2 protein chains.
Amino acid sequence: MIFTPLIDHLIESLRVLPGVGAKSAQRMAFHLLERSRQGGTELAKALEQAMTEVRRCKDCWTFCESDVCKICHNPNREKQLLCVVESPADLLAVEQTAHYKGLYFVLMGRLSPISGVSPEDIGIPKLIQHVRGAGIKELILALSPTVEGEATSHYIAERVREMGILVTKIAQGVPLGEELEFVDSGTLAHALNGRRPV
Amino acid sequence: MIFTPLIDHLIESLRVLPGVGAKSAQRMAFHLLERSRQGGTELAKALEQAMTEVRRCKDCWTFCESDVCKICHNPNREKQLLCVVESPADLLAVEQTAHYKGLYFVLMGRLSPISGVSPEDIGIPKLIQHVRGAGIKELILALSPTVEGEATSHYIAERVREMGILVTKIAQGVPLGEELEFVDSGTLAHALNGRRPV
């Protein structure tokens, strides 16, 4: 025991948060005890409720509070288009463009043999099954252009292409508003290779 | 609403933690939902319990779970010595030296007119009252040597000295194991001024 049993337990429990080590957990615990008991109690309730009530949409696998999420439930979405993203945050990013009206599939991660993340862990069998049954015409891969993201895209593309479905990937190139001289050469190479007639 | 009501509420509630902004709160929420529901539920319980059950020791003002903390309750501590620290973490640091057997008073902060922290907020009236009643012979100031810490030390020293009690301050000087050439000049100046016969 370092402080008191309850404080020690709180500090230990806070370390479940990503990026929170022993010192930050201690700082957080004392901050709440000293200045924000109300906020701490509120956080306890929010955590308790979210941990028990948030589940996965049975179609797209994103987090939701009912059987099917709002997007999957919306009759105005184009049901032939399926966009595969890594996380609910990425789904939100695509939604915020207001340029996509199809459906989503949220992997909740990406393939990583080193960290032991297998196709099953990120729901790829579920995705394949979903694609097979849902009359999808185009599968859009919108994963982050990292090594693991690319590997995941490749893995999914291989499997879905076999089913005679068009598989596309969002364009890689120069971001809007960027000065060309500061763009890294990998991105510039992709932009050159992906050039289009004006 | 960005995600779902429960997730949005969880993200908002996590921002009560110091140093946690919108993006980190979002990352924390998804991390818990995806990978550590058990840990999240555990954290909710620990928070709930600590927020309601942890209170202040009636003598030294540190956090504890009973009326009086273990140190104040220990009959083997020297009751004429009182060490003033800023936080329970500082109290722990002094305890870990194993060179101090007196009692403590924990301010839970330091004077800061800019942030609106007054002597009342950090329990100085309570400290004065405690010193008056407890037969204390020496008050040791062990606050951090920052501008606000120094101002707080000065403020307390002024008030306690009037009562005919010896007020001391922990030494400022070169830390053990440090190369002299890398010690900042303020610290070195303090070390020179505080030189002692060998």
# chains A, B, ... in the order shown; residues from 1 in each chain; ligands from 1
call {"tool": "residues_around", "arguments": {"residues": "stretch 194-198 of chain A", "least_positions_apart": "6", "cutoff": "12 Å", "atoms": "only C-alpha atoms", "output": "tab-separated table (two decimals) with all heavy atoms, in the first residue's frame"}}
result
chain	number	residue	atom	x	y	z
A	169	LYS	N	-10.31	1.44	-53.75
A	169	LYS	CA	-9.59	1.94	-52.57
A	169	LYS	C	-9.57	3.46	-52.67
A	169	LYS	O	-9.43	3.99	-53.78
A	169	LYS	CB	-8.17	1.38	-52.59
A	169	LYS	CG	-7.45	1.51	-51.27
A	169	LYS	CD	-6.25	0.60	-51.20
A	169	LYS	CE	-5.01	1.30	-51.75
A	169	LYS	NZ	-3.77	0.59	-51.42
A	170	ILE	N	-9.73	4.16	-51.58
A	170	ILE	CA	-9.73	5.63	-51.65
A	170	ILE	C	-8.37	6.09	-52.17
A	170	ILE	O	-7.34	5.45	-51.94
A	170	ILE	CB	-10.05	6.30	-50.29
A	170	ILE	CG1	-9.10	5.82	-49.18
A	170	ILE	CG2	-11.50	6.05	-49.89
A	170	ILE	CD1	-9.18	6.66	-47.92
A	171	ALA	N	-8.37	7.23	-52.90
A	171	ALA	CA	-7.17	7.71	-53.56
A	171	ALA	C	-6.11	8.15	-52.57
A	171	ALA	O	-6.41	8.72	-51.53
A	171	ALA	CB	-7.52	8.87	-54.48
A	172	GLN	N	-4.85	7.85	-52.93
A	172	GLN	CA	-3.72	8.36	-52.15
A	172	GLN	C	-3.06	9.43	-52.98
A	172	GLN	O	-2.82	9.25	-54.16
A	172	GLN	CB	-2.74	7.23	-51.85
A	172	GLN	CG	-3.27	6.31	-50.77
A	172	GLN	CD	-2.34	5.15	-50.51
A	172	GLN	OE1	-1.31	5.01	-51.14
A	172	GLN	NE2	-2.74	4.30	-49.59
A	173	GLY	N	-2.78	10.58	-52.39
A	173	GLY	CA	-2.15	11.66	-53.15
A	173	GLY	C	-1.85	12.83	-52.25
A	173	GLY	O	-1.79	12.69	-51.03
A	174	VAL	N	-1.67	13.98	-52.88
A	174	VAL	CA	-1.29	15.19	-52.16
A	174	VAL	C	-2.51	15.72	-51.39
A	174	VAL	O	-3.57	15.90	-51.98
A	174	VAL	CB	-0.80	16.23	-53.18
A	174	VAL	CG1	-0.33	17.47	-52.48
A	174	VAL	CG2	0.30	15.64	-54.04
A	187	THR	N	4.25	9.82	-50.72
A	187	THR	CA	2.94	10.36	-51.08
A	187	THR	C	2.97	10.94	-52.49
A	187	THR	O	2.04	10.72	-53.28
A	187	THR	CB	2.55	11.47	-50.06
A	187	THR	OG1	2.54	10.89	-48.76
A	187	THR	CG2	1.18	12.06	-50.36
A	188	LEU	N	4.07	11.65	-52.80
A	188	LEU	CA	4.18	12.26	-54.12
A	188	LEU	C	4.24	11.19	-55.21
A	188	LEU	O	3.63	11.33	-56.28
A	188	LEU	CB	5.43	13.16	-54.15
A	188	LEU	CG	5.40	14.30	-55.17
A	188	LEU	CD1	4.11	15.12	-55.08
A	188	LEU	CD2	6.60	15.22	-54.98
call {"tool": "interface_residues", "arguments": {"of": "chain A", "to": "chain B", "cutoff": "9 Å", "atoms": "only C-alpha atoms", "output": "compact mmCIF listing (two decimals) with N, CA and C atoms, in the first residue's frame"}}
result
# COMPACT_ATOMS: atom_id res chain seq x y z
N ILE A 2 0.53 2.20 -0.89
CA ILE A 2 1.28 3.43 -0.94
C ILE A 2 0.51 4.54 -0.23
N PHE A 3 -0.72 4.81 -0.69
CA PHE A 3 -1.54 5.82 -0.04
C PHE A 3 -2.55 5.09 0.86
N THR A 4 -3.82 5.12 0.50
CA THR A 4 -4.79 4.33 1.27
C THR A 4 -5.33 3.28 0.30
N PRO A 5 -5.99 2.21 0.80
CA PRO A 5 -6.42 1.15 -0.11
C PRO A 5 -7.29 1.68 -1.26
N LEU A 6 -8.25 2.56 -0.97
CA LEU A 6 -9.14 3.05 -2.03
C LEU A 6 -8.39 3.89 -3.06
N ILE A 7 -7.48 4.75 -2.59
CA ILE A 7 -6.72 5.59 -3.53
C ILE A 7 -5.79 4.73 -4.37
N HIS A 9 -6.20 1.66 -5.17
CA HIS A 9 -7.01 0.90 -6.12
C HIS A 9 -7.45 1.79 -7.27
N LEU A 10 -7.80 3.04 -6.96
CA LEU A 10 -8.21 3.98 -8.01
C LEU A 10 -7.04 4.23 -8.97
N ILE A 11 -5.84 4.46 -8.41
CA ILE A 11 -4.66 4.72 -9.24
C ILE A 11 -4.39 3.51 -10.15
N GLU A 12 -4.46 2.33 -9.57
CA GLU A 12 -4.23 1.10 -10.33
C GLU A 12 -5.28 0.97 -11.45
N SER A 13 -6.53 1.25 -11.12
CA SER A 13 -7.62 1.10 -12.10
C SER A 13 -7.50 2.10 -13.23
N LEU A 14 -7.00 3.31 -12.94
CA LEU A 14 -6.87 4.34 -13.98
C LEU A 14 -5.85 3.92 -15.04
N VAL A 16 -5.71 1.38 -16.68
CA VAL A 16 -6.32 0.66 -17.80
C VAL A 16 -6.48 1.60 -19.00
N LEU A 17 -6.49 2.91 -18.76
CA LEU A 17 -6.63 3.89 -19.85
C LEU A 17 -5.36 3.92 -20.69
N PRO A 18 -5.50 4.00 -22.02
CA PRO A 18 -4.30 3.99 -22.87
C PRO A 18 -3.44 5.23 -22.63
N GLY A 19 -2.13 5.03 -22.54
CA GLY A 19 -1.20 6.15 -22.37
C GLY A 19 -1.14 6.69 -20.96
N SER A 24 0.88 9.55 -14.09
CA SER A 24 -0.32 10.27 -14.55
C SER A 24 -1.55 9.76 -13.83
N GLN A 26 -1.70 8.70 -10.81
CA GLN A 26 -1.67 9.32 -9.48
C GLN A 26 -2.18 10.77 -9.57
N ARG A 27 -1.69 11.47 -10.60
CA ARG A 27 -2.09 12.87 -10.78
C ARG A 27 -3.60 12.96 -11.04
N MET A 28 -4.11 12.03 -11.86
CA MET A 28 -5.55 12.03 -12.16
C MET A 28 -6.37 11.76 -10.89
N ALA A 29 -5.94 10.77 -10.12
CA ALA A 29 -6.68 10.40 -8.91
C ALA A 29 -6.74 11.59 -7.95
N PHE A 30 -5.61 12.24 -7.72
CA PHE A 30 -5.61 13.36 -6.77
C PHE A 30 -6.38 14.55 -7.32
N HIS A 31 -6.29 14.75 -8.63
CA HIS A 31 -7.05 15.85 -9.23
C HIS A 31 -8.54 15.65 -8.97
N LEU A 32 -9.02 14.43 -9.22
CA LEU A 32 -10.45 14.16 -9.02
C LEU A 32 -10.83 14.30 -7.55
N LEU A 33 -10.02 13.73 -6.66
CA LEU A 33 -10.34 13.77 -5.23
C LEU A 33 -10.35 15.20 -4.70
N GLU A 34 -9.41 16.00 -5.21
CA GLU A 34 -9.26 17.35 -4.68
C GLU A 34 -10.23 18.33 -5.30
N SER A 36 -12.54 17.65 -8.21
CA SER A 36 -13.66 17.32 -9.07
C SER A 36 -14.35 16.01 -8.68
N ARG A 37 -14.82 15.96 -7.45
CA ARG A 37 -15.53 14.74 -7.00
C ARG A 37 -16.78 14.53 -7.82
N GLN A 38 -17.47 15.62 -8.11
CA GLN A 38 -18.69 15.56 -8.92
C GLN A 38 -18.38 14.95 -10.30
N GLY A 39 -17.34 15.48 -10.93
CA GLY A 39 -16.92 14.98 -12.24
C GLY A 39 -16.51 13.52 -12.17
N GLY A 40 -15.85 13.14 -11.09
CA GLY A 40 -15.41 11.75 -10.90
C GLY A 40 -16.59 10.81 -10.78
N THR A 41 -17.60 11.24 -10.03
CA THR A 41 -18.79 10.41 -9.85
C THR A 41 -19.54 10.28 -11.17
N GLU A 42 -19.61 11.40 -11.88
CA GLU A 42 -20.25 11.43 -13.20
C GLU A 42 -19.53 10.46 -14.16
N LEU A 43 -18.20 10.50 -14.13
CA LEU A 43 -17.40 9.62 -14.98
C LEU A 43 -17.64 8.16 -14.63
N ALA A 44 -17.73 7.86 -13.33
CA ALA A 44 -18.00 6.49 -12.89
C ALA A 44 -19.31 5.99 -13.49
N LYS A 45 -20.33 6.85 -13.45
CA LYS A 45 -21.64 6.45 -13.99
C LYS A 45 -21.58 6.25 -15.49
N ALA A 46 -20.94 7.20 -16.19
CA ALA A 46 -20.85 7.13 -17.64
C ALA A 46 -20.12 5.85 -18.07
N LEU A 47 -19.04 5.52 -17.35
CA LEU A 47 -18.26 4.32 -17.65
C LEU A 47 -19.11 3.07 -17.46
N GLU A 48 -19.71 3.00 -16.28
CA GLU A 48 -20.53 1.85 -15.91
C GLU A 48 -21.60 1.58 -16.98
N GLN A 49 -22.27 2.67 -17.37
CA GLN A 49 -23.36 2.54 -18.33
C GLN A 49 -22.85 2.15 -19.72
N ALA A 50 -21.78 2.83 -20.16
CA ALA A 50 -21.26 2.54 -21.50
C ALA A 50 -20.72 1.11 -21.56
N MET A 51 -20.01 0.68 -20.52
CA MET A 51 -19.41 -0.66 -20.53
C MET A 51 -20.48 -1.74 -20.60
N THR A 52 -21.63 -1.51 -19.99
CA THR A 52 -22.65 -2.55 -20.00
C THR A 52 -23.62 -2.42 -21.18
N GLU A 53 -23.88 -1.20 -21.64
CA GLU A 53 -24.95 -1.03 -22.62
C GLU A 53 -24.51 -0.88 -24.07
N VAL A 54 -23.26 -0.44 -24.29
CA VAL A 54 -22.84 -0.26 -25.68
C VAL A 54 -22.51 -1.62 -26.29
N ARG A 55 -23.09 -1.92 -27.45
CA ARG A 55 -22.76 -3.19 -28.11
C ARG A 55 -22.46 -2.93 -29.58
N PHE A 63 -20.02 0.46 -32.92
CA PHE A 63 -20.65 0.51 -31.61
C PHE A 63 -22.03 1.14 -31.73
N CYS A 64 -23.02 0.58 -31.05
CA CYS A 64 -24.31 1.24 -30.99
C CYS A 64 -25.06 0.75 -29.77
N GLU A 65 -26.22 1.32 -29.54
CA GLU A 65 -26.95 0.99 -28.32
C GLU A 65 -28.21 0.19 -28.60
N SER A 87 -12.25 2.04 -37.77
CA SER A 87 -12.79 2.37 -36.44
C SER A 87 -13.99 3.31 -36.56
N PRO A 88 -14.79 3.43 -35.50
CA PRO A 88 -15.92 4.37 -35.52
C PRO A 88 -15.44 5.80 -35.78
N ALA A 89 -14.23 6.14 -35.35
CA ALA A 89 -13.71 7.49 -35.58
C ALA A 89 -13.48 7.71 -37.08
N LEU A 92 -16.78 8.20 -38.76
CA LEU A 92 -17.19 9.59 -38.56
C LEU A 92 -16.49 10.52 -39.55
N MET A 108 -12.80 -2.43 -36.54
CA MET A 108 -12.32 -2.27 -35.16
C MET A 108 -10.88 -2.76 -35.03
call {"tool": "select_by_dssp", "arguments": {"residues": "stretch 92-169 of chain B", "states": "helix (DSSP H, G or I)", "output": "number ranges by chain"}}
result
B: 92-97, 124-133, 147-161
call {"tool": "atom_distance", "arguments": {"atom1": "atom CA of A:His154", "atom2": "atom CA of A:Glu86"}}
result
13.9 Å
call {"tool": "atom_distance", "arguments": {"atom1": "atom CA of A:Asp59", "atom2": "atom CA of A:Leu107"}}
result
11.6 Å
call {"tool": "closest_residue", "arguments": {"among": "B:Thr146, B:Leu81, B:Val117, B:His130", "to": "B:Gly186", "atoms": "only C-alpha atoms"}}
result
B:Thr146
call {"tool": "closest_residue", "arguments": {"among": "A:Tyr100, A:Lys79, A:Val167, A:Val183", "to": "A:Gly133", "atoms": "only C-alpha atoms"}}
result
A:Lys79
call {"tool": "residues_around", "arguments": {"residues": "A:Leu103", "least_positions_apart": "2", "cutoff": "9 Å", "atoms": "only C-alpha atoms", "output": "JSON list (two decimals) with C-alpha atoms, in the first residue's frame"}}
result
[["chain", "number", "residue", "atom", "x", "y", "z"],
["A", 60, "CYS", "CA", -21.75, -3.10, -39.69],
["A", 71, "ILE", "CA", -26.78, 4.29, -40.57],
["A", 72, "CYS", "CA", -27.63, 0.63, -41.27],
["A", 77, "ARG", "CA", -28.56, 4.97, -47.73],
["A", 78, "GLU", "CA", -27.33, 3.28, -50.92],
["A", 79, "LYS", "CA", -27.26, -0.39, -50.04],
["A", 80, "GLN", "CA", -25.04, -1.45, -52.94],
["A", 81, "LEU", "CA", -22.06, 0.50, -51.61],
["A", 82, "LEU", "CA", -20.05, -0.76, -48.64],
["A", 83, "CYS", "CA", -17.17, 1.24, -47.19],
["A", 84, "VAL", "CA", -14.71, -0.64, -44.97],
["A", 100, "TYR", "CA", -20.75, 9.18, -49.15],
["A", 101, "LYS", "CA", -24.26, 7.80, -48.89],
["A", 105, "PHE", "CA", -18.32, -2.04, -42.19]]
call {"tool": "select_by_dssp", "arguments": {"residues": "stretch 39-96 of chain A", "states": "strand (DSSP E)", "output": "count of residues only"}}
result
12
call {"tool": "atom_distance", "arguments": {"atom1": "atom CA of A:Leu180", "atom2": "atom CA of A:Pro145"}}
result
19.1 Å
